[in-house]
Amino acid sequence: MASYNEISVPTLARLIGTPDCPVLLDVRIDEDFDDDPRFIPGAFRHPFKDVLDLVDELQTRSVIVYCQKGLKISQGVAAQLRASGVQAEVLEGGQFAWRDAKLPMVMTEKLPPLDTSGRTVWVTRHRPKIDRIACPWLIRRFIDPKAQILFVAASQVTNVAERFGATPFDIEDVYWSHRGETCTFDTMVEEFGIGHDALTKLAAIVRGADTNRHDLAPETAGLLAASLGLSRMFRNDLEQLEAGMLLYDAFYRWARDATNERHDWPAASAKG
């Protein structure tokens with residue numbers, strides 16, 4: 001059982017991928033990181049000796065700190081943050097406990113380079129429908145919560161990527177794109193190494209909606225309808241993305257927690 005100012009691995013696992021997930025701060029020393037260069041989904045790395053540089057950024061956020069074993073380094077960092085007015089807890093057992101629970105971890109060698117603000121930058125075609133909303137949702141919920149998403153004219157995606165140091169996705173002939181019968185969302189789940197049951201269910205729905213394969217999951221038609229509706233509601237792609245984040249949050253929670261739940265009329269409690 002987690003002690004005061006600690007959070008257990010199962011409790012954190014329930015928060016990963018949701019809009020309520022705290023900031024995840026990896027403070028492992030270089031030797032420990034090199035031993036296993038993977039992140040807990042959504043985490044970012046920062047030197048433990050310089051953690052007070054983050055106080056202004058973290059002042060209004062809840063923070064989970066982890067080192068290799070959840071002992072002196074993460075305990076000290078979390079205490080420093082709390083002393084500076086930041087709400088901070090330690091992951092019980094650290095990265096080892098998360099790893100030993102066989103929970104998904106992000107393959108860091110697949111991460112694009114960070115910009116001067118410490119975030120990944122991605123670029124794709126404007127006027128998104130399915131994959132170009134689903135992928136940014138996946139990136140922000142499981143890879144880089146601070147990721148910047150750029151929507152530009154289709155003819156300029158490659159040029160913008162080169163000039164602005166952005167990573168192109170969901171266009172032809174780039175790494176982060178469709179492969180065979182799978183879509184870009186599938187590619188990201190596989191390459192980052194974050195697959196688990198809920199994301200597998202969601203990926204089938206996204207793939208079906210994005211490739212006109214409604215036989216893959218009964219929910220596919222609903223995602224397509226909602227996505228096309230959003231594309232008609234918003235002229236601003238970034239406003240559409242913000243609305244789409246809520247849509248995918250709902251589909252993810254359904255895939256994780258509610259696939260066996262049914263709804264009928266009259267309500268079950270009123271029958272008989």
# chains A, B, ... in the order shown; residues from 1 in each chain; ligands from 1
>>> select_by_dssp(residues="stretch 11-256 of chain A", states="strand (DSSP E or B)", output="PyMOL selection string")
chain A and resi 23-26+38-39+44-45+62-66+87-91+106-107+121-125+148-152+167-169+176+179+182
>>> closest_atom_pairs(of="stretch 100-127 of chain A", to="stretch 54-75 of chain A", cutoff="12 Å", atoms="only C-alpha atoms", output="tab-separated table")
residue	atom	partner	partner_atom	distance
A:Asp100	CA	A:Lys69	CA	11.3
A:Ser117	CA	A:Glu57	CA	11.7
A:Gly118	CA	A:Leu54	CA	11.9
>>> atom_distance(atom1="atom CA of A:Glu109", atom2="atom CA of A:Ile40")
13.8 Å
>>> residues_around(residues="A:Asp215", least_positions_apart="6", cutoff="10 Å", atoms="only C-alpha atoms", output="list in words")
Ala204, Ile205, Gly208, Ala209 and Ala221 of chain A
>>> closest_atom_pairs(of="stretch 96-162 of chain A", to="stretch 186-198 of chain A", cutoff="9 Å", atoms="only C-alpha atoms", output="tab-separated table")
residue	atom	partner	partner_atom	distance
A:Leu103	CA	A:His196	CA	8.3
A:Pro104	CA	A:Ile194	CA	4.8
A:Met105	CA	A:Ile194	CA	5.9
A:Val106	CA	A:Phe192	CA	5.3
A:Met107	CA	A:Phe192	CA	5.1
A:Thr108	CA	A:Phe192	CA	7.6
A:Glu109	CA	A:Phe192	CA	8.7
A:Lys110	CA	A:Phe192	CA	6.4
A:Leu111	CA	A:Phe192	CA	7.9
A:Cys135	CA	A:Met188	CA	7.6
A:Leu138	CA	A:Met188	CA	8.2
A:Ile139	CA	A:Met188	CA	8.4
A:Phe142	CA	A:Ile194	CA	7.8
A:Ile143	CA	A:Phe192	CA	8.2
>>> write_last_selection(atoms="all heavy atoms", output="CSV table (one decimal), in the first residue's frame")
chain,number,residue,atom,x,y,z
A,103,LEU,N,3.5,-3.0,-17.6
A,103,LEU,CA,2.7,-1.9,-18.2
A,103,LEU,C,3.4,-1.3,-19.4
A,103,LEU,O,4.6,-1.3,-19.5
A,103,LEU,CB,2.3,-0.9,-17.1
A,103,LEU,CG,1.4,-1.4,-16.0
A,103,LEU,CD1,1.4,-0.5,-14.8
A,103,LEU,CD2,0.0,-1.6,-16.6
A,104,PRO,N,2.6,-0.7,-20.3
A,104,PRO,CA,3.3,-0.1,-21.5
A,104,PRO,C,4.3,1.0,-21.1
A,104,PRO,O,4.1,1.8,-20.2
A,104,PRO,CB,2.1,0.5,-22.2
A,104,PRO,CG,0.9,-0.2,-21.7
A,104,PRO,CD,1.2,-0.6,-20.3
A,105,MET,N,5.3,1.0,-21.9
A,105,MET,CA,6.4,2.1,-21.8
A,105,MET,C,6.7,2.6,-23.2
A,105,MET,O,6.8,1.8,-24.1
A,105,MET,CB,7.6,1.6,-21.0
A,105,MET,CG,7.3,1.1,-19.6
A,105,MET,SD,8.8,0.7,-18.7
A,105,MET,CE,9.4,2.4,-18.3
A,106,VAL,N,7.0,3.9,-23.2
A,106,VAL,CA,7.3,4.5,-24.5
A,106,VAL,C,8.7,4.3,-24.9
A,106,VAL,O,9.7,4.5,-24.2
A,106,VAL,CB,7.0,6.0,-24.4
A,106,VAL,CG1,7.4,6.7,-25.7
A,106,VAL,CG2,5.6,6.3,-24.1
A,107,MET,N,8.9,3.8,-26.2
A,107,MET,CA,10.2,3.6,-26.7
A,107,MET,C,10.8,4.9,-27.1
A,107,MET,O,10.4,5.6,-28.1
A,107,MET,CB,10.1,2.7,-28.0
A,107,MET,CG,9.4,1.4,-27.7
A,107,MET,SD,10.3,0.3,-26.6
A,107,MET,CE,11.6,-0.2,-27.7
A,108,THR,N,11.8,5.4,-26.3
A,108,THR,CA,12.3,6.8,-26.5
A,108,THR,C,13.1,7.0,-27.8
A,108,THR,O,13.1,8.1,-28.3
A,108,THR,CB,13.1,7.2,-25.3
A,108,THR,OG1,14.2,6.2,-25.1
A,108,THR,CG2,12.3,7.3,-24.0
A,109,GLU,N,13.6,5.9,-28.3
A,109,GLU,CA,14.4,6.1,-29.6
A,109,GLU,C,13.5,6.5,-30.7
A,109,GLU,O,13.9,7.0,-31.8
A,109,GLU,CB,15.2,4.8,-29.9
A,109,GLU,CG,14.3,3.6,-30.3
A,109,GLU,CD,14.0,2.7,-29.2
A,109,GLU,OE1,14.0,3.2,-28.0
A,109,GLU,OE2,13.7,1.5,-29.4
A,110,LYS,N,12.1,6.3,-30.6
A,110,LYS,CA,11.2,6.7,-31.6
A,110,LYS,C,10.7,8.1,-31.5
A,110,LYS,O,10.0,8.6,-32.3
A,110,LYS,CB,10.0,5.7,-31.6
A,110,LYS,CG,10.4,4.3,-31.9
A,110,LYS,CD,11.0,4.1,-33.3
A,110,LYS,CE,11.4,2.7,-33.6
A,110,LYS,NZ,10.3,1.7,-33.6
A,111,LEU,N,11.0,8.7,-30.3
A,111,LEU,CA,10.5,10.1,-30.1
A,111,LEU,C,11.2,11.1,-31.0
A,111,LEU,O,12.5,11.1,-31.2
A,111,LEU,CB,10.8,10.5,-28.7
A,111,LEU,CG,9.9,9.9,-27.6
A,111,LEU,CD1,10.5,10.2,-26.2
A,111,LEU,CD2,8.5,10.3,-27.7
A,135,CYS,N,-4.5,10.7,-34.0
A,135,CYS,CA,-3.1,10.7,-33.7
A,135,CYS,C,-2.6,11.8,-32.7
A,135,CYS,O,-1.9,11.5,-31.8
A,135,CYS,CB,-2.3,10.7,-35.0
A,135,CYS,SG,-2.4,9.2,-36.0
A,138,LEU,N,-3.6,10.7,-29.3
A,138,LEU,CA,-2.7,9.6,-28.8
A,138,LEU,C,-1.4,10.2,-28.4
A,138,LEU,O,-0.9,9.9,-27.3
A,138,LEU,CB,-2.4,8.6,-29.9
A,138,LEU,CG,-1.6,7.4,-29.5
A,138,LEU,CD1,-2.4,6.4,-28.6
A,138,LEU,CD2,-1.1,6.7,-30.7
A,139,ILE,N,-0.9,11.2,-29.1
A,139,ILE,CA,0.4,11.8,-28.8
A,139,ILE,C,0.3,12.6,-27.5
A,139,ILE,O,1.1,12.4,-26.6
A,139,ILE,CB,0.9,12.7,-29.9
A,139,ILE,CG1,1.3,11.9,-31.2
A,139,ILE,CG2,2.0,13.6,-29.5
A,139,ILE,CD1,1.4,12.8,-32.4
A,142,PHE,N,-0.5,10.0,-24.4
A,142,PHE,CA,0.4,8.9,-24.1
A,142,PHE,C,1.9,9.2,-24.4
A,142,PHE,O,2.8,8.5,-23.9
A,142,PHE,CB,0.0,7.6,-24.8
A,142,PHE,CG,-1.2,7.0,-24.4
A,142,PHE,CD1,-2.5,7.4,-24.9
A,142,PHE,CD2,-1.3,6.1,-23.3
A,142,PHE,CE1,-3.6,6.8,-24.5
A,142,PHE,CE2,-2.4,5.5,-22.9
A,142,PHE,CZ,-3.7,5.9,-23.5
A,143,ILE,N,2.2,10.2,-25.2
A,143,ILE,CA,3.6,10.4,-25.6
A,143,ILE,C,4.1,11.7,-25.1
A,143,ILE,O,5.1,11.8,-24.4
A,143,ILE,CB,3.7,10.4,-27.2
A,143,ILE,CG1,3.1,9.1,-27.7
A,143,ILE,CG2,5.2,10.5,-27.6
A,143,ILE,CD1,3.7,7.8,-27.2
>>> closest_residue(among="A:Asp53, A:Ala13, A:Asn5, A:Ala43", to="A:Arg82", atoms="only C-alpha atoms")
A:Asn5
>>> decode(residues="stretch 149-259 of chain A", atoms="C-alpha atoms", output="PDB file, in the first residue's frame")
ATOM      1  CA  ILE A 149       0.340  20.055 -33.714  1.00  0.00           C
ATOM      2  CA  LEU A 150       0.568  22.037 -36.961  1.00  0.00           C
ATOM      3  CA  PHE A 151      -2.102  21.810 -39.660  1.00  0.00           C
ATOM      4  CA  VAL A 152      -1.035  23.135 -43.070  1.00  0.00           C
ATOM      5  CA  ALA A 153      -1.956  22.828 -46.746  1.00  0.00           C
ATOM      6  CA  ALA A 154      -1.357  19.289 -48.000  1.00  0.00           C
ATOM      7  CA  SER A 155       1.182  20.481 -50.557  1.00  0.00           C
ATOM      8  CA  GLN A 156       3.266  22.143 -47.833  1.00  0.00           C
ATOM      9  CA  VAL A 157       3.504  19.458 -45.145  1.00  0.00           C
ATOM     10  CA  THR A 158       6.965  18.275 -46.171  1.00  0.00           C
ATOM     11  CA  ASN A 159       8.275  21.794 -46.666  1.00  0.00           C
ATOM     12  CA  VAL A 160       6.995  22.947 -43.280  1.00  0.00           C
ATOM     13  CA  ALA A 161       8.460  19.836 -41.656  1.00  0.00           C
ATOM     14  CA  GLU A 162      11.903  20.625 -43.074  1.00  0.00           C
ATOM     15  CA  ARG A 163      11.857  24.353 -42.373  1.00  0.00           C
ATOM     16  CA  PHE A 164      10.370  24.191 -38.859  1.00  0.00           C
ATOM     17  CA  GLY A 165      11.881  20.941 -37.587  1.00  0.00           C
ATOM     18  CA  ALA A 166       8.474  19.282 -37.332  1.00  0.00           C
ATOM     19  CA  THR A 167       7.671  15.586 -37.742  1.00  0.00           C
ATOM     20  CA  PRO A 168       5.234  14.877 -40.599  1.00  0.00           C
ATOM     21  CA  PHE A 169       2.449  12.353 -40.093  1.00  0.00           C
ATOM     22  CA  ASP A 170      -0.503  10.882 -41.965  1.00  0.00           C
ATOM     23  CA  ILE A 171       0.746  11.759 -45.432  1.00  0.00           C
ATOM     24  CA  GLU A 172       2.203   9.411 -48.032  1.00  0.00           C
ATOM     25  CA  ASP A 173       5.847   8.365 -47.987  1.00  0.00           C
ATOM     26  CA  VAL A 174       6.693   9.315 -44.386  1.00  0.00           C
ATOM     27  CA  TYR A 175       7.490   7.118 -41.384  1.00  0.00           C
ATOM     28  CA  TRP A 176       4.383   7.976 -39.354  1.00  0.00           C
ATOM     29  CA  SER A 177       1.690   6.966 -41.819  1.00  0.00           C
ATOM     30  CA  HIS A 178      -0.495   4.133 -43.082  1.00  0.00           C
ATOM     31  CA  ARG A 179       1.148   0.750 -43.586  1.00  0.00           C
ATOM     32  CA  GLY A 180      -0.713  -1.783 -45.666  1.00  0.00           C
ATOM     33  CA  GLU A 181      -4.256  -2.071 -44.293  1.00  0.00           C
ATOM     34  CA  THR A 182      -3.441  -0.260 -41.056  1.00  0.00           C
ATOM     35  CA  CYS A 183      -3.651   3.476 -40.409  1.00  0.00           C
ATOM     36  CA  THR A 184      -1.307   6.016 -38.825  1.00  0.00           C
ATOM     37  CA  PHE A 185      -2.875   5.512 -35.394  1.00  0.00           C
ATOM     38  CA  ASP A 186      -1.929   1.809 -35.588  1.00  0.00           C
ATOM     39  CA  THR A 187       1.621   2.757 -36.587  1.00  0.00           C
ATOM     40  CA  MET A 188       2.061   5.029 -33.574  1.00  0.00           C
ATOM     41  CA  VAL A 189       0.661   2.503 -31.100  1.00  0.00           C
ATOM     42  CA  GLU A 190       3.012  -0.176 -32.431  1.00  0.00           C
ATOM     43  CA  GLU A 191       6.172   1.874 -32.905  1.00  0.00           C
ATOM     44  CA  PHE A 192       5.986   3.644 -29.559  1.00  0.00           C
ATOM     45  CA  GLY A 193       5.304   0.322 -27.827  1.00  0.00           C
ATOM     46  CA  ILE A 194       2.239   1.518 -25.922  1.00  0.00           C
ATOM     47  CA  GLY A 195      -0.297  -1.086 -27.018  1.00  0.00           C
ATOM     48  CA  HIS A 196      -2.723  -2.476 -24.453  1.00  0.00           C
ATOM     49  CA  ASP A 197      -6.275  -3.829 -24.555  1.00  0.00           C
ATOM     50  CA  ALA A 198      -8.118  -0.496 -24.573  1.00  0.00           C
ATOM     51  CA  LEU A 199      -5.897   1.037 -27.250  1.00  0.00           C
ATOM     52  CA  THR A 200      -6.188  -2.131 -29.344  1.00  0.00           C
ATOM     53  CA  LYS A 201      -9.981  -1.826 -29.263  1.00  0.00           C
ATOM     54  CA  LEU A 202      -9.806   1.880 -30.072  1.00  0.00           C
ATOM     55  CA  ALA A 203      -7.303   1.296 -32.886  1.00  0.00           C
ATOM     56  CA  ALA A 204      -9.700  -1.084 -34.630  1.00  0.00           C
ATOM     57  CA  ILE A 205     -12.436   1.574 -34.506  1.00  0.00           C
ATOM     58  CA  VAL A 206     -10.113   4.298 -35.808  1.00  0.00           C
ATOM     59  CA  ARG A 207      -8.813   2.027 -38.570  1.00  0.00           C
ATOM     60  CA  GLY A 208     -12.324   1.078 -39.637  1.00  0.00           C
ATOM     61  CA  ALA A 209     -13.499   4.692 -39.756  1.00  0.00           C
ATOM     62  CA  ASP A 210     -10.363   5.945 -41.505  1.00  0.00           C
ATOM     63  CA  THR A 211     -10.167   3.222 -44.161  1.00  0.00           C
ATOM     64  CA  ASN A 212     -13.900   2.643 -44.763  1.00  0.00           C
ATOM     65  CA  ARG A 213     -13.817  -0.797 -43.096  1.00  0.00           C
ATOM     66  CA  HIS A 214     -16.977  -0.677 -41.018  1.00  0.00           C
ATOM     67  CA  ASP A 215     -16.807  -4.449 -40.556  1.00  0.00           C
ATOM     68  CA  LEU A 216     -13.891  -4.071 -38.117  1.00  0.00           C
ATOM     69  CA  ALA A 217     -15.994  -2.824 -35.199  1.00  0.00           C
ATOM     70  CA  PRO A 218     -19.657  -1.842 -34.761  1.00  0.00           C
ATOM     71  CA  GLU A 219     -18.588   1.494 -33.241  1.00  0.00           C
ATOM     72  CA  THR A 220     -16.785   2.528 -36.439  1.00  0.00           C
ATOM     73  CA  ALA A 221     -19.835   4.148 -38.029  1.00  0.00           C
ATOM     74  CA  GLY A 222     -20.438   6.202 -34.898  1.00  0.00           C
ATOM     75  CA  LEU A 223     -16.876   7.523 -34.838  1.00  0.00           C
ATOM     76  CA  LEU A 224     -17.091   8.416 -38.531  1.00  0.00           C
ATOM     77  CA  ALA A 225     -20.383  10.250 -38.042  1.00  0.00           C
ATOM     78  CA  ALA A 226     -19.129  12.197 -35.027  1.00  0.00           C
ATOM     79  CA  SER A 227     -15.854  13.047 -36.779  1.00  0.00           C
ATOM     80  CA  LEU A 228     -17.543  14.314 -39.919  1.00  0.00           C
ATOM     81  CA  GLY A 229     -19.920  16.317 -37.769  1.00  0.00           C
ATOM     82  CA  LEU A 230     -17.010  17.976 -35.972  1.00  0.00           C
ATOM     83  CA  SER A 231     -15.340  18.787 -39.271  1.00  0.00           C
ATOM     84  CA  ARG A 232     -18.493  20.662 -40.323  1.00  0.00           C
ATOM     85  CA  MET A 233     -18.813  22.463 -36.982  1.00  0.00           C
ATOM     86  CA  PHE A 234     -15.321  23.982 -36.912  1.00  0.00           C
ATOM     87  CA  ARG A 235     -13.455  25.996 -39.515  1.00  0.00           C
ATOM     88  CA  ASN A 236     -10.448  26.313 -37.201  1.00  0.00           C
ATOM     89  CA  ASP A 237      -8.499  23.034 -37.172  1.00  0.00           C
ATOM     90  CA  LEU A 238      -7.083  23.611 -33.684  1.00  0.00           C
ATOM     91  CA  GLU A 239     -10.543  24.254 -32.254  1.00  0.00           C
ATOM     92  CA  GLN A 240     -11.702  21.060 -33.935  1.00  0.00           C
ATOM     93  CA  LEU A 241      -8.753  19.211 -32.379  1.00  0.00           C
ATOM     94  CA  GLU A 242      -9.712  20.425 -28.895  1.00  0.00           C
ATOM     95  CA  ALA A 243     -13.272  19.201 -29.417  1.00  0.00           C
ATOM     96  CA  GLY A 244     -11.959  15.935 -30.850  1.00  0.00           C
ATOM     97  CA  MET A 245      -9.812  15.362 -27.748  1.00  0.00           C
ATOM     98  CA  LEU A 246     -12.996  15.028 -25.716  1.00  0.00           C
ATOM     99  CA  LEU A 247     -14.472  12.654 -28.312  1.00  0.00           C
ATOM    100  CA  TYR A 248     -11.463  10.344 -28.133  1.00  0.00           C
ATOM    101  CA  ASP A 249     -11.319  10.613 -24.357  1.00  0.00           C
ATOM    102  CA  ALA A 250     -14.860   9.222 -24.339  1.00  0.00           C
ATOM    103  CA  PHE A 251     -14.093   6.415 -26.807  1.00  0.00           C
ATOM    104  CA  TYR A 252     -10.975   5.466 -24.818  1.00  0.00           C
ATOM    105  CA  ARG A 253     -12.856   5.299 -21.520  1.00  0.00           C
ATOM    106  CA  TRP A 254     -15.529   3.181 -23.194  1.00  0.00           C
ATOM    107  CA  ALA A 255     -12.853   0.854 -24.598  1.00  0.00           C
ATOM    108  CA  ARG A 256     -11.193   0.587 -21.203  1.00  0.00           C
ATOM    109  CA  ASP A 257     -14.139   0.461 -18.819  1.00  0.00           C
ATOM    110  CA  ALA A 258     -17.518   0.066 -20.482  1.00  0.00           C
ATOM    111  CA  THR A 259     -17.452  -2.428 -23.363  1.00  0.00           C
TER     112      THR A 259
END
